[in-house]
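A.B. asks: What follows is coords03.csv; its format and atoms are CSV, C-alpha atoms.
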```csv
chain,number,residue,atom,x,y,z
A,1,MET,CA,0.0,0.0,0.0
A,2,GLU,CA,2.8,2.3,0.8
A,3,GLU,CA,4.2,1.7,-2.7
A,4,TYR,CA,1.0,2.9,-4.3
A,5,ASN,CA,1.7,6.1,-6.3
A,6,SER,CA,-0.9,8.8,-6.3
A,7,GLY,CA,-0.9,8.9,-10.1
A,8,GLU,CA,-0.2,12.6,-10.4
A,9,GLU,CA,3.2,12.0,-12.0
A,10,VAL,CA,1.7,10.2,-14.9
A,11,SER,CA,-1.4,12.3,-15.6
A,12,PHE,CA,-1.7,14.6,-18.6
A,13,ASN,CA,-0.8,18.1,-17.5
A,14,ALA,CA,-2.9,20.4,-19.6
A,15,ASP,CA,-1.0,23.6,-18.5
A,16,GLU,CA,2.4,22.2,-19.5
A,17,ALA,CA,1.0,21.1,-22.8
A,18,SER,CA,-0.5,24.5,-23.6
A,19,VAL,CA,2.8,26.1,-22.7
A,20,SER,CA,4.6,23.9,-25.2
A,21,VAL,CA,2.0,24.6,-27.9
A,22,LYS,CA,2.4,28.3,-27.2
A,23,GLU,CA,6.2,28.0,-27.5
A,24,MET,CA,5.9,26.2,-30.8
A,25,LEU,CA,3.5,28.9,-32.1
A,26,ASP,CA,5.8,31.6,-30.9
A,27,CYS,CA,8.6,29.9,-32.8
A,28,VAL,CA,6.5,29.8,-36.0
A,29,VAL,CA,5.6,33.4,-35.7
A,30,PHE,CA,9.3,34.3,-35.0
A,31,LEU,CA,10.4,32.5,-38.1
A,32,ALA,CA,7.6,34.0,-40.2
A,33,ASP,CA,8.6,37.4,-39.0
A,34,TRP,CA,12.2,36.7,-39.9
A,35,LEU,CA,11.2,35.5,-43.4
A,36,VAL,CA,9.5,38.8,-44.0
A,37,SER,CA,12.3,40.8,-42.6
A,38,VAL,CA,15.0,39.0,-44.6
A,39,SER,CA,13.0,39.4,-47.9
A,40,GLN,CA,12.7,43.1,-47.2
A,41,CYS,CA,16.5,43.3,-46.3
A,42,ILE,CA,17.4,41.6,-49.6
A,43,GLU,CA,15.1,44.0,-51.5
A,44,GLY,CA,16.6,46.9,-49.8
A,45,ILE,CA,20.2,46.0,-50.6
A,46,ILE,CA,20.0,44.6,-54.1
A,47,GLY,CA,16.4,45.4,-55.2
A,48,GLY,CA,16.5,47.0,-58.6
A,49,LEU,CA,20.2,46.5,-59.2
A,50,ASP,CA,22.0,44.4,-61.9
A,51,TYR,CA,24.6,41.8,-61.0
A,52,ASN,CA,27.9,43.6,-60.5
A,53,GLN,CA,31.1,41.6,-59.9
A,54,ASN,CA,32.7,44.5,-58.0
A,55,LYS,CA,29.8,44.9,-55.6
A,56,VAL,CA,28.6,41.4,-55.0
A,57,ASN,CA,31.2,40.9,-52.1
A,58,GLN,CA,29.7,43.8,-50.3
A,59,TRP,CA,26.1,42.7,-51.0
A,60,THR,CA,26.5,39.2,-49.5
A,61,ALA,CA,28.3,40.6,-46.5
A,62,SER,CA,25.5,43.2,-45.9
A,63,ILE,CA,22.8,40.7,-46.3
A,64,VAL,CA,24.2,38.2,-43.8
A,65,GLU,CA,25.1,40.9,-41.3
A,66,HIS,CA,21.8,42.7,-41.4
A,67,SER,CA,19.8,39.4,-41.2
A,68,LEU,CA,21.9,38.2,-38.2
A,69,THR,CA,21.4,41.5,-36.4
A,70,GLN,CA,17.6,41.2,-36.8
A,71,LEU,CA,17.7,37.7,-35.4
A,72,VAL,CA,19.9,38.5,-32.4
A,73,LYS,CA,17.7,41.5,-31.5
A,74,GLN,CA,14.8,39.1,-30.8
A,75,GLY,CA,16.7,38.0,-27.8
A,76,ARG,CA,16.0,34.3,-28.2
A,77,PRO,CA,18.2,31.6,-26.6
A,78,PHE,CA,19.7,30.4,-29.9
A,79,LYS,CA,23.0,30.3,-31.8
A,80,PHE,CA,22.4,31.4,-35.4
A,81,ILE,CA,24.1,30.8,-38.7
A,82,VAL,CA,23.1,32.8,-41.7
A,83,ASN,CA,24.3,31.8,-45.2
A,84,CYS,CA,23.8,33.8,-48.4
A,85,ALA,CA,24.5,32.9,-52.0
A,86,ILE,CA,24.2,35.3,-54.9
A,87,MET,CA,24.4,34.0,-58.4
A,88,GLN,CA,24.4,35.8,-61.8
A,89,LYS,CA,21.5,34.7,-64.1
A,90,SER,CA,23.2,33.2,-67.1
A,91,GLY,CA,21.4,29.9,-67.7
A,92,ALA,CA,23.9,27.9,-65.5
A,93,GLY,CA,22.3,25.2,-63.3
A,94,LEU,CA,22.6,25.8,-59.6
A,95,HIS,CA,21.6,23.4,-56.9
A,96,THR,CA,21.9,23.7,-53.1
A,97,ALA,CA,21.2,21.3,-50.3
A,98,ASN,CA,21.8,21.1,-46.5
A,99,SER,CA,21.7,18.5,-43.9
A,100,CYS,CA,21.9,18.9,-40.1
A,101,TYR,CA,22.9,16.6,-37.2
A,102,TRP,CA,21.2,18.2,-34.2
A,103,ASP,CA,18.3,18.0,-31.8
A,104,THR,CA,15.2,18.0,-34.0
A,105,ALA,CA,13.0,19.0,-31.1
A,106,THR,CA,14.7,22.3,-30.4
A,107,ASP,CA,16.7,23.3,-33.6
A,108,GLY,CA,15.5,24.5,-37.0
A,109,SER,CA,16.2,26.2,-40.2
A,110,CYS,CA,14.5,28.1,-43.0
A,111,THR,CA,15.5,29.4,-46.5
A,112,VAL,CA,14.4,32.4,-48.5
A,113,ARG,CA,14.8,32.4,-52.3
A,114,TRP,CA,14.7,35.8,-54.1
A,115,GLU,CA,15.4,36.9,-57.7
A,116,ASN,CA,15.4,39.8,-60.0
A,117,ARG,CA,16.2,40.3,-63.7
A,118,THR,CA,19.9,39.5,-63.4
A,119,MET,CA,20.5,37.5,-60.2
A,120,TYR,CA,19.3,34.9,-57.8
A,121,CYS,CA,19.8,35.2,-54.0
A,122,VAL,CA,19.3,32.3,-51.6
A,123,VAL,CA,19.5,33.0,-47.8
A,124,SER,CA,19.3,30.2,-45.2
A,125,VAL,CA,19.2,30.6,-41.4
A,126,PHE,CA,20.0,27.8,-39.0
A,127,ALA,CA,19.0,28.2,-35.3
A,128,VAL,CA,20.5,25.9,-32.7
A,129,ALA,CA,19.1,26.0,-29.2
A,130,LEU,CA,21.4,27.0,-26.4
A,131,THR,CA,21.7,24.2,-23.9
A,132,CYS,CA,22.6,26.1,-20.7
B,1,MET,CA,49.2,14.6,-21.5
B,2,ASP,CA,45.7,13.4,-20.6
B,3,GLU,CA,44.3,16.9,-20.9
B,4,PHE,CA,45.9,17.4,-24.3
B,5,GLN,CA,44.4,14.2,-25.5
B,6,LEU,CA,41.0,15.1,-24.2
B,7,SER,CA,41.0,18.4,-26.0
B,8,GLU,CA,42.1,16.7,-29.2
B,9,GLU,CA,39.2,14.3,-29.0
B,10,THR,CA,36.7,17.1,-28.5
B,11,ALA,CA,38.1,19.7,-30.9
B,12,PHE,CA,36.8,20.6,-34.4
B,13,VAL,CA,39.8,19.5,-36.5
B,14,VAL,CA,39.6,21.4,-39.8
B,15,ASP,CA,42.1,19.2,-41.7
B,16,ASP,CA,40.3,16.0,-40.8
B,17,ILE,CA,37.0,17.5,-41.9
B,18,THR,CA,38.4,18.9,-45.1
B,19,THR,CA,39.7,15.4,-46.0
B,20,ILE,CA,36.4,13.8,-45.3
B,21,ILE,CA,34.5,16.3,-47.4
B,22,LYS,CA,37.0,16.1,-50.4
B,23,ASP,CA,36.8,12.3,-50.4
B,24,THR,CA,33.0,12.5,-50.3
B,25,VAL,CA,32.7,14.9,-53.2
B,26,GLN,CA,35.2,13.0,-55.2
B,27,THR,CA,33.4,9.8,-54.7
B,28,THR,CA,30.0,11.3,-55.5
B,29,ILE,CA,30.8,13.4,-58.5
B,30,GLY,CA,34.3,12.5,-59.5
B,31,SER,CA,34.9,13.2,-63.1
B,32,SER,CA,31.2,13.1,-64.2
B,33,ALA,CA,30.0,15.9,-66.4
B,34,TYR,CA,27.3,18.2,-65.0
B,35,GLN,CA,23.9,16.6,-65.6
B,36,GLN,CA,20.6,18.4,-64.8
B,37,ASN,CA,18.8,15.1,-64.0
B,38,ARG,CA,21.5,13.9,-61.6
B,39,ILE,CA,22.3,17.0,-59.7
B,40,ASN,CA,19.5,16.6,-57.1
B,41,GLN,CA,20.9,13.2,-56.2
B,42,TRP,CA,24.5,14.5,-56.0
B,43,THR,CA,23.7,17.4,-53.6
B,44,SER,CA,21.7,15.0,-51.4
B,45,SER,CA,24.4,12.4,-51.4
B,46,VAL,CA,27.2,14.8,-50.6
B,47,VAL,CA,25.4,16.3,-47.6
B,48,GLU,CA,24.1,13.0,-46.2
B,49,THR,CA,27.4,11.1,-46.7
B,50,SER,CA,29.4,13.9,-45.2
B,51,LEU,CA,27.1,14.2,-42.2
B,52,ASN,CA,27.3,10.4,-41.7
B,53,GLN,CA,31.1,10.5,-41.7
B,54,LEU,CA,31.1,13.5,-39.3
B,55,SER,CA,28.8,11.9,-36.8
B,56,LYS,CA,31.0,8.8,-36.8
B,57,LEU,CA,33.9,11.0,-35.4
B,58,GLY,CA,32.0,10.8,-32.1
B,59,LYS,CA,32.8,14.4,-31.2
B,60,PRO,CA,30.5,16.5,-29.0
B,61,PHE,CA,29.2,18.7,-31.8
B,62,LYS,CA,26.0,19.4,-33.7
B,63,TYR,CA,26.8,19.7,-37.4
B,64,ILE,CA,25.3,21.7,-40.3
B,65,VAL,CA,26.5,20.8,-43.8
B,66,THR,CA,25.5,22.9,-46.8
B,67,CYS,CA,26.4,22.1,-50.4
B,68,ILE,CA,26.2,24.2,-53.6
B,69,ILE,CA,26.8,22.6,-57.0
B,70,LEU,CA,27.1,25.0,-59.9
B,71,GLN,CA,27.6,24.3,-63.6
B,72,LYS,CA,30.7,26.0,-65.1
B,73,ASN,CA,29.5,28.4,-67.7
B,74,GLY,CA,31.1,31.7,-66.7
B,75,ALA,CA,28.3,32.8,-64.3
B,76,GLY,CA,29.4,34.6,-61.1
B,77,LEU,CA,28.6,33.1,-57.8
B,78,HIS,CA,29.4,34.5,-54.4
B,79,THR,CA,28.5,33.1,-51.0
B,80,ALA,CA,28.9,34.5,-47.4
B,81,SER,CA,27.9,33.4,-44.0
B,82,SER,CA,27.7,35.1,-40.6
B,83,CYS,CA,27.5,33.3,-37.3
B,84,PHE,CA,26.3,34.2,-33.8
B,85,TRP,CA,27.8,31.5,-31.6
B,86,ASP,CA,30.4,30.6,-29.0
B,87,ASN,CA,33.7,31.9,-30.6
B,88,THR,CA,35.9,29.7,-28.4
B,89,MET,CA,34.2,26.3,-29.2
B,90,ASP,CA,32.3,26.6,-32.5
B,91,ARG,CA,34.0,26.4,-35.9
B,92,SER,CA,33.3,26.2,-39.6
B,93,CYS,CA,35.2,25.1,-42.6
B,94,THR,CA,34.6,25.5,-46.4
B,95,VAL,CA,35.8,23.1,-49.1
B,96,ARG,CA,35.9,24.2,-52.8
B,97,TRP,CA,36.1,21.5,-55.4
B,98,GLU,CA,35.9,21.4,-59.1
B,99,ASN,CA,36.1,19.3,-62.2
B,100,LYS,CA,35.9,20.2,-65.9
B,101,THR,CA,32.2,21.1,-65.9
B,102,THR,CA,31.1,21.6,-62.2
B,103,TYR,CA,32.0,23.6,-59.1
B,104,CYS,CA,31.0,22.2,-55.7
B,105,ILE,CA,31.2,24.3,-52.5
B,106,VAL,CA,30.6,22.5,-49.2
B,107,CYS,CA,30.5,24.4,-45.8
B,108,VAL,CA,30.5,22.5,-42.5
B,109,PHE,CA,29.5,24.3,-39.3
B,110,GLY,CA,30.3,22.6,-36.0
B,111,LEU,CA,28.5,23.8,-32.8
B,112,ALA,CA,29.7,22.5,-29.5
B,113,VAL,CA,27.1,20.9,-27.3
```
Kindly transcribe the structure held in the file into structure tokens.

C.D. replies:
Amino acid sequence: MEEYNSGEEVSFNADEASVSVKEMLDCVVFLADWLVSVSQCIEGIIGGLDYNQNKVNQWTASIVEHSLTQLVKQGRPFKFIVNCAIMQKSGAGLHTANSCYWDTATDGSCTVRWENRTMYCVVSVFAVALTC
Amino acid sequence: MDEFQLSEETAFVVDDITTIIKDTVQTTIGSSAYQQNRINQWTSSVVETSLNQLSKLGKPFKYIVTCIILQKNGAGLHTASSCFWDNTMDRSCTVRWENKTTYCIVCVFGLAV
């Protein structure tokens, strides 16, 4: 009889569940906001411009720095990696892929593809949860 | 001596990782010509095989591997990345590879757990 457990430890805790759902929704909103802000950032930096060999260095650096700053400002407990590739439109084939070995419950990524008349721009962000 | 060995086992060793990536790309693409209908398979294979090999190293890192394959036809390509992480423990390395018709750029990011 003394070994009988009250059962509270195994019951469904609705409050905890709704906090997790809220956190997930928060995360979705956060990523959606980021998608919008990075698209605006790309548009602001290379919007109506043509591909320019002399400037592309500067453009990729601005895009990654600006995107990273926006992410860090949110104050979330994550490490971030932002990757940007700009390619001149000339009919060449381009393919990108990524693969991650991490905690699928807490870590995530998303990618934005943008183009204008003379170039493609692909920006990816990877977010890895801080463990401490 | 023990402490040195311990840090060797837990460090992100760029040379080892570069070798792993080069071998993977060489095995996957080798001297094949750029082919639109195979490229999907190549990029997936490069990232998955690389990740497999990296996880076998048994080091305390989370890894992100990205791969870009580009047909050689004179187009300009530029990539950049920026990271907000622990500067003392986290590392990245980039490997550039090419054959007669294709460029392949692989980036590995290692984040300490």

A.B. asks: Fewer than 2 positions away in the same chain doesn't count, so skip those; otherwise give me all residues within 12 Å of B:Asp16, counting all atoms listed in the file, as a PyMOL selection string.

C.D. replies: chain B and resi 8-9+11-14+18-23+50+53-54+57+93+95+108

A.B. asks: As number ranges by chain, could you give me every residue of chain A near chain B (at most 10 Å apart, counting all atoms listed in the file)?

C.D. replies: A: 51-53, 56-69, 71-72, 78-103, 119-132

A.B. asks: Rounded to one decimal place, report the atom CA of A:Arg113-atom CA of B:Asn37 distance in Å.

C.D. replies: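 Answer for the atom CA of A:Arg113 to atom CA of B:Asn37 separation: 21.3 Å.
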
A.B. asks: Can you work out the spacing between atom CA of B:Val25 and atom CA of A:Trp114 in Å, to one decimal?

C.D. replies: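 The value is 27.6 Å.
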
A.B. asks: For the atom pair atom CA of A:Gln40 and atom CA of B:Ser92, what is the interatomic distance in Å to one decimal place?

C.D. replies: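 One can read the atom CA of A:Gln40 to atom CA of B:Ser92 distance as 27.7 Å.
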
A.B. asks: Please rebuild stretch 40-51 of chain A with all heavy atoms and give the result as a PDB file, in the coordinates of the input.

C.D. replies:
```pdb
ATOM      1  N   GLN A  40      12.684  41.654 -47.045  1.00  0.00           N
ATOM      2  CA  GLN A  40      12.700  43.100 -47.200  1.00  0.00           C
ATOM      3  C   GLN A  40      14.193  43.601 -47.169  1.00  0.00           C
ATOM      4  O   GLN A  40      14.553  44.545 -47.875  1.00  0.00           O
ATOM      5  CB  GLN A  40      12.023  43.782 -45.970  1.00  0.00           C
ATOM      6  CG  GLN A  40      10.522  43.639 -46.052  1.00  0.00           C
ATOM      7  CD  GLN A  40       9.814  44.105 -44.800  1.00  0.00           C
ATOM      8  OE1 GLN A  40      10.428  44.266 -43.737  1.00  0.00           O
ATOM      9  NE2 GLN A  40       8.521  44.311 -44.902  1.00  0.00           N
ATOM     10  N   CYS A  41      15.030  42.926 -46.396  1.00  0.00           N
ATOM     11  CA  CYS A  41      16.500  43.300 -46.300  1.00  0.00           C
ATOM     12  C   CYS A  41      17.123  43.084 -47.673  1.00  0.00           C
ATOM     13  O   CYS A  41      17.844  43.954 -48.167  1.00  0.00           O
ATOM     14  CB  CYS A  41      17.102  42.440 -45.227  1.00  0.00           C
ATOM     15  SG  CYS A  41      18.860  42.277 -45.350  1.00  0.00           S
ATOM     16  N   ILE A  42      16.853  41.931 -48.322  1.00  0.00           N
ATOM     17  CA  ILE A  42      17.400  41.600 -49.600  1.00  0.00           C
ATOM     18  C   ILE A  42      16.967  42.696 -50.634  1.00  0.00           C
ATOM     19  O   ILE A  42      17.761  43.271 -51.387  1.00  0.00           O
ATOM     20  CB  ILE A  42      17.048  40.239 -50.146  1.00  0.00           C
ATOM     21  CG1 ILE A  42      17.548  39.162 -49.196  1.00  0.00           C
ATOM     22  CG2 ILE A  42      17.616  40.009 -51.547  1.00  0.00           C
ATOM     23  CD1 ILE A  42      17.040  37.772 -49.529  1.00  0.00           C
ATOM     24  N   GLU A  43      15.665  42.968 -50.619  1.00  0.00           N
ATOM     25  CA  GLU A  43      15.100  44.000 -51.500  1.00  0.00           C
ATOM     26  C   GLU A  43      15.738  45.313 -51.328  1.00  0.00           C
ATOM     27  O   GLU A  43      16.057  46.014 -52.288  1.00  0.00           O
ATOM     28  CB  GLU A  43      13.565  44.039 -51.242  1.00  0.00           C
ATOM     29  CG  GLU A  43      12.773  44.852 -52.238  1.00  0.00           C
ATOM     30  CD  GLU A  43      12.730  44.242 -53.613  1.00  0.00           C
ATOM     31  OE1 GLU A  43      12.539  43.013 -53.732  1.00  0.00           O
ATOM     32  OE2 GLU A  43      12.917  44.998 -54.582  1.00  0.00           O
ATOM     33  N   GLY A  44      15.986  45.661 -50.081  1.00  0.00           N
ATOM     34  CA  GLY A  44      16.600  46.900 -49.800  1.00  0.00           C
ATOM     35  C   GLY A  44      18.042  47.055 -50.246  1.00  0.00           C
ATOM     36  O   GLY A  44      18.495  48.116 -50.670  1.00  0.00           O
ATOM     37  N   ILE A  45      18.771  45.930 -50.216  1.00  0.00           N
ATOM     38  CA  ILE A  45      20.200  46.000 -50.600  1.00  0.00           C
ATOM     39  C   ILE A  45      20.424  45.796 -52.066  1.00  0.00           C
ATOM     40  O   ILE A  45      21.260  46.490 -52.652  1.00  0.00           O
ATOM     41  CB  ILE A  45      20.977  44.914 -49.756  1.00  0.00           C
ATOM     42  CG1 ILE A  45      20.936  45.295 -48.269  1.00  0.00           C
ATOM     43  CG2 ILE A  45      22.411  44.782 -50.236  1.00  0.00           C
ATOM     44  CD1 ILE A  45      21.469  44.249 -47.341  1.00  0.00           C
ATOM     45  N   ILE A  46      19.716  44.853 -52.711  1.00  0.00           N
ATOM     46  CA  ILE A  46      20.000  44.600 -54.100  1.00  0.00           C
ATOM     47  C   ILE A  46      18.760  44.743 -55.030  1.00  0.00           C
ATOM     48  O   ILE A  46      18.834  44.471 -56.230  1.00  0.00           O
ATOM     49  CB  ILE A  46      20.619  43.212 -54.366  1.00  0.00           C
ATOM     50  CG1 ILE A  46      19.772  42.091 -53.745  1.00  0.00           C
ATOM     51  CG2 ILE A  46      22.022  43.178 -53.828  1.00  0.00           C
ATOM     52  CD1 ILE A  46      20.350  40.689 -53.993  1.00  0.00           C
ATOM     53  N   GLY A  47      17.654  45.170 -54.439  1.00  0.00           N
ATOM     54  CA  GLY A  47      16.400  45.400 -55.200  1.00  0.00           C
ATOM     55  C   GLY A  47      16.463  45.568 -56.646  1.00  0.00           C
ATOM     56  O   GLY A  47      16.409  44.643 -57.412  1.00  0.00           O
ATOM     57  N   GLY A  48      16.617  46.815 -57.113  1.00  0.00           N
ATOM     58  CA  GLY A  48      16.500  47.000 -58.600  1.00  0.00           C
ATOM     59  C   GLY A  48      17.854  47.000 -59.259  1.00  0.00           C
ATOM     60  O   GLY A  48      17.994  47.459 -60.387  1.00  0.00           O
ATOM     61  N   LEU A  49      18.898  46.426 -58.600  1.00  0.00           N
ATOM     62  CA  LEU A  49      20.200  46.500 -59.200  1.00  0.00           C
ATOM     63  C   LEU A  49      20.557  45.321 -60.085  1.00  0.00           C
ATOM     64  O   LEU A  49      19.959  44.260 -59.959  1.00  0.00           O
ATOM     65  CB  LEU A  49      21.290  46.537 -58.048  1.00  0.00           C
ATOM     66  CG  LEU A  49      21.102  47.656 -57.016  1.00  0.00           C
ATOM     67  CD1 LEU A  49      22.127  47.512 -55.908  1.00  0.00           C
ATOM     68  CD2 LEU A  49      21.253  49.010 -57.696  1.00  0.00           C
ATOM     69  N   ASP A  50      21.506  45.514 -61.011  1.00  0.00           N
ATOM     70  CA  ASP A  50      22.000  44.400 -61.900  1.00  0.00           C
ATOM     71  C   ASP A  50      23.192  43.770 -61.210  1.00  0.00           C
ATOM     72  O   ASP A  50      23.929  44.421 -60.462  1.00  0.00           O
ATOM     73  CB  ASP A  50      22.365  44.955 -63.250  1.00  0.00           C
ATOM     74  CG  ASP A  50      21.144  45.325 -64.068  1.00  0.00           C
ATOM     75  OD1 ASP A  50      20.025  44.930 -63.677  1.00  0.00           O
ATOM     76  OD2 ASP A  50      21.323  46.007 -65.098  1.00  0.00           O
ATOM     77  N   TYR A  51      23.430  42.503 -61.536  1.00  0.00           N
ATOM     78  CA  TYR A  51      24.600  41.800 -61.000  1.00  0.00           C
ATOM     79  C   TYR A  51      25.849  42.576 -61.331  1.00  0.00           C
ATOM     80  O   TYR A  51      26.074  42.961 -62.477  1.00  0.00           O
ATOM     81  CB  TYR A  51      24.681  40.381 -61.599  1.00  0.00           C
ATOM     82  CG  TYR A  51      25.833  39.579 -61.030  1.00  0.00           C
ATOM     83  CD1 TYR A  51      25.684  38.835 -59.861  1.00  0.00           C
ATOM     84  CD2 TYR A  51      27.089  39.598 -61.649  1.00  0.00           C
ATOM     85  CE1 TYR A  51      26.750  38.125 -59.317  1.00  0.00           C
ATOM     86  CE2 TYR A  51      28.160  38.888 -61.105  1.00  0.00           C
ATOM     87  CZ  TYR A  51      27.978  38.156 -59.944  1.00  0.00           C
ATOM     88  OH  TYR A  51      29.039  37.467 -59.403  1.00  0.00           O
TER      89      TYR A  51
END
```
